[in-house]
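Visitor: Provided herewith is a single structure, encoded as structure tokens, for subsequent inquiry.
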Amino acid sequence: QVQRDFYYGSVLSVGYVGMLDRHLPGDYNLNYALPGTGLAGLPYAALGNTSPVTYFENGMTSNYNALQVSLNKRFSQGIAFMAAYTYSKALGYTTANGELLDPLNLRANYGPMDYDRQQTLNLTHLWEIPWGRTGHNLVSAVLGGWQLDGVLTWYTGTPLTFTADPLLCNCPGLPVLAGATGSGSALVTGNFGNGLSYFNNGLFYAPTGSNVANLNRGVLRGPGAWTYNLALLKNFHFGDRFNFQLRGEAYNLANTVSPYNPVTNISSPSFGLVNTLAPESAMPGAFGREVKFGAAVQF
């Protein structure tokens with residue numbers, strides 16, 4: 001990390017963060033049938049077992065690389081702010097629950113981790129409003145002690161993996177990755193809500209018979225989101241020890257939407273639809289603008 005101190009108490013930091021993990025757990029079903037072979041192709045079918053047989057191992061790896069930039073201004077002249085930006089990528093072989101989706105081709109499992117967000121930006125500010133800073137009369141008591149705080153958060157979406165119904169490839173027990181006739185932005189419409197698909201559904205296809213699809217894990221990303229929280233505070237100081245504070249807080253002031261990833265099973269009638277808010281956004285303002293008022297005594 002490299003830091004540089006600028007004028008007025010500002011510090012710029014630029015850093016690289018890297019991490020490599022070895023011997024991570026992974027699992028997949030041993031009792032799967034090759035495409036086109038059906039129930040007769042299950043390795044344990046001759047023993048009367050057509051249910052999954054899970055194999056666990058600890059030979060998986062993952063890695064994380066990130067550029068992290070921050071700019072901080074320490075509190076002076078009634079103002080402080082912080083800006084932090086991260087450009088990163090977390091790569092590995094397994095899903096969030098440690099599963100290998102394609103036991104036939106280990107390389108096809110390598111891709112962005114389910115939790116990976118390629119870009120994040122956080123901006124925070126604190127402004128002690130300069131009204132009534134001097135004097136001890138009634139006007140100064142009413143106009144002084146105001147503070148405006150805010151937090152802006154923006155982030156890109158998490159990876160998407162497309163699957164299909166295993167009935168079409170006649171391969172029970174085998175997770176089926178879907179295929180597409182296009183790539184990149186051609187596969188995405190960017191719509192969500194109102195019954196519109198986030199994808200160009202007609203470009204996706206399910207493998208049939210002994211055919212193999214061409215989409216690996218995490219080939220696209222879901223919708224990103226941003227939110228802005230704002231707080232207005234009024235402090236009444238009593239001596240050196242006590243402070244009475246009135247505060248109004250607006251969560252998600254701009255009333256933005258934090259959508260969950262769309263349905264990615266192309267065999268589902270809901271394929272491409274975004275019907276719910278992201279569970280990681282279950283915080284004040286996740287379901288719309290939320291305003292709160294409160295008071296506190298600090299000593």
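Here, A, B, ... name the chains of the structure tokens in the order displayed, residue numbers run from 1 inside each chain, and ligands are numbered from 1 in the same displayed order.
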If you run DSSP on this backbone, which residues of stretch 64-175 of chain A come out as strand (DSSP E or B), and could you give them as an MDAnalysis selection string?
Guide: chainID A and resid 64:76 79:92 99 111:112 119:128 146:155 159:160 163:164
Visitor: Between A:Met82, A:Leu24, A:Leu12, A:Ala213, single out the one closest to A:Glu57, counting only C-alpha atoms.
Guide: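 The closest residue to A:Glu57 is A:Leu24.
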Visitor: Residues within 12 Å of A:His237, please, as a VMD selection string. Count only C-alpha atoms; anything in the same chain fewer than 2 positions from it doesn't count.
Guide: chain A and resid 136 140 to 142 144 to 146 234 to 235 239 to 246 297 to 299
Visitor: Pick out the residues sitting within 9 Å of stretch 95-99 of chain A, and hand them over as number ranges by chain; count only C-alpha atoms, and ignore anything fewer than 2 positions along from it in its own chain.
Guide: A: 24-29, 92-93, 101, 109, 113-115, 217
Visitor: Restricted to C-alpha atoms, what would the selected residues look like written as an mmCIF file, in the first residue's frame?
Guide:
data_model
loop_
_atom_site.group_PDB
_atom_site.id
_atom_site.type_symbol
_atom_site.label_atom_id
_atom_site.label_comp_id
_atom_site.auth_asym_id
_atom_site.auth_seq_id
_atom_site.Cartn_x
_atom_site.Cartn_y
_atom_site.Cartn_z
ATOM 1 C CA LEU A 24 -10.629 -26.126 0.235
ATOM 2 C CA PRO A 25 -13.548 -28.562 0.511
ATOM 3 C CA GLY A 26 -15.610 -29.505 -2.529
ATOM 4 C CA ASP A 27 -18.201 -32.147 -3.298
ATOM 5 C CA TYR A 28 -20.123 -33.656 -6.187
ATOM 6 C CA ASN A 29 -22.470 -36.556 -6.869
ATOM 7 C CA GLY A 92 -12.716 -20.535 -7.429
ATOM 8 C CA TYR A 93 -14.286 -23.865 -8.394
ATOM 9 C CA LEU A 101 -21.415 -28.248 -10.828
ATOM 10 C CA ASN A 109 -16.189 -25.048 -12.743
ATOM 11 C CA MET A 113 -17.287 -17.020 -6.664
ATOM 12 C CA ASP A 114 -21.000 -16.610 -5.974
ATOM 13 C CA TYR A 115 -20.405 -13.711 -3.565
ATOM 14 C CA ARG A 217 -20.188 -21.070 -14.152
#
Visitor: Do a neighbour search on A:Pro35 at 10 Å with only C-alpha atoms, toss out local chain neighbours closer than 3 positions, and write the hits as a list in words.
Guide: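 Close residues of A:Pro35: Tyr32, Gly38, Gly41, Pro166, Leu167, Leu168, Cys169, Asn170, Cys171, Pro172, Leu174, Val176, Pro207, Thr208, Gly209, Ser210, Asn211 and Val212 of chain A.
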Visitor: With C-alpha atoms retained, write the just-selected residues as a compact mmCIF listing (two decimals), in the first residue's frame.
Guide:
# COMPACT_ATOMS: atom_id res chain seq x y z
CA TYR A 32 -24.62 -39.45 -12.22
CA GLY A 38 -30.49 -42.30 -18.74
CA GLY A 41 -26.02 -45.00 -17.11
CA PRO A 166 -31.64 -32.74 -16.77
CA LEU A 167 -34.61 -34.52 -18.37
CA LEU A 168 -33.74 -33.04 -21.76
CA CYS A 169 -30.22 -34.50 -21.78
CA ASN A 170 -31.40 -37.76 -20.18
CA CYS A 171 -28.64 -37.48 -17.57
CA PRO A 172 -30.11 -38.01 -14.07
CA LEU A 174 -25.80 -34.58 -13.32
CA VAL A 176 -26.83 -29.43 -16.36
CA PRO A 207 -28.48 -29.44 -24.05
CA THR A 208 -30.33 -32.48 -25.39
CA GLY A 209 -29.19 -36.06 -25.79
CA SER A 210 -25.42 -36.29 -25.71
CA ASN A 211 -24.92 -32.59 -26.54
CA VAL A 212 -22.93 -30.41 -24.11
Visitor: Could you jot down the atom CA of A:Leu100 to atom CA of A:Asn275 separation for me, Å, one decimal place?
Guide: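 These atoms are spaced 27.1 Å apart.
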Visitor: Which of these residues is nearest to A:Leu160, using only C-alpha atoms: A:Val14, A:Leu126, A:Val219, A:Ala33?
Guide: A:Val219
Visitor: Quick one: pull the distance between atom CA of A:Asn58 and atom CA of A:Tyr110, Å, one decimal.
Guide: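 We find that atom CA of A:Asn58 and atom CA of A:Tyr110 lie 15.5 Å from each other.
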Visitor: Among the residues of stretch 23-216 of chain A, find those DSSP assigns to helix (DSSP H, G or I) from the backbone and print them as a list in words.
Guide: Leu39, Ala40, Gly41, Ala45, Ala46, Leu47, Leu106, Arg107, Ala108, Asn109, Leu138, Val139, Ser140, Ala141, Val142, Leu143, Gly184, Ser185, Ala186, Leu187, Asn201, Gly202 and Leu203 of chain A
Visitor: So which one's closest to A:Phe81, A:Tyr16, A:Tyr8, A:Tyr55, A:Tyr260? Using only C-alpha atoms, please.
Guide: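 When distances to A:Phe81 are compared using only C-alpha atoms, the smallest one comes from A:Tyr8.
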Visitor: As an exercise, work out the distance from atom CA of A:Leu91 to atom CA of A:Thr61 in Å and give it to one decimal place.
Guide: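 It comes out at 8.7 Å.
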Visitor: Taking only C-alpha atoms into account, name the residue in A:Gly157, A:Pro112, A:Gly150, A:Pro259 that is nearest to A:Gly288.
Guide: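 Ranked by minimum distance to A:Gly288, first place goes to A:Pro259.
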Visitor: With a distance cut-off of 10 Å and only C-alpha atoms, select the neighbouring residues of A:Gly193, excluding the residue or stretch itself and same-chain residues fewer than 2 positions from it, and output the selection as a list in words.
Guide: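 Here the answer would be Asn191, Gly195, Leu196, Ser197, Tyr198, Pro259, Pro262, Leu273, Val274, Asn275 and Thr276 of chain A.
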Visitor: Check the smallest atom-to-atom distance from each of A:Asp116, A:Asn49, A:Val291, A:Leu220 to A:Asn255 using only C-alpha atoms, then report the winner.
Guide: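 Of A:Asp116, A:Asn49, A:Val291, A:Leu220, the one nearest A:Asn255 is A:Val291, counting only C-alpha atoms.
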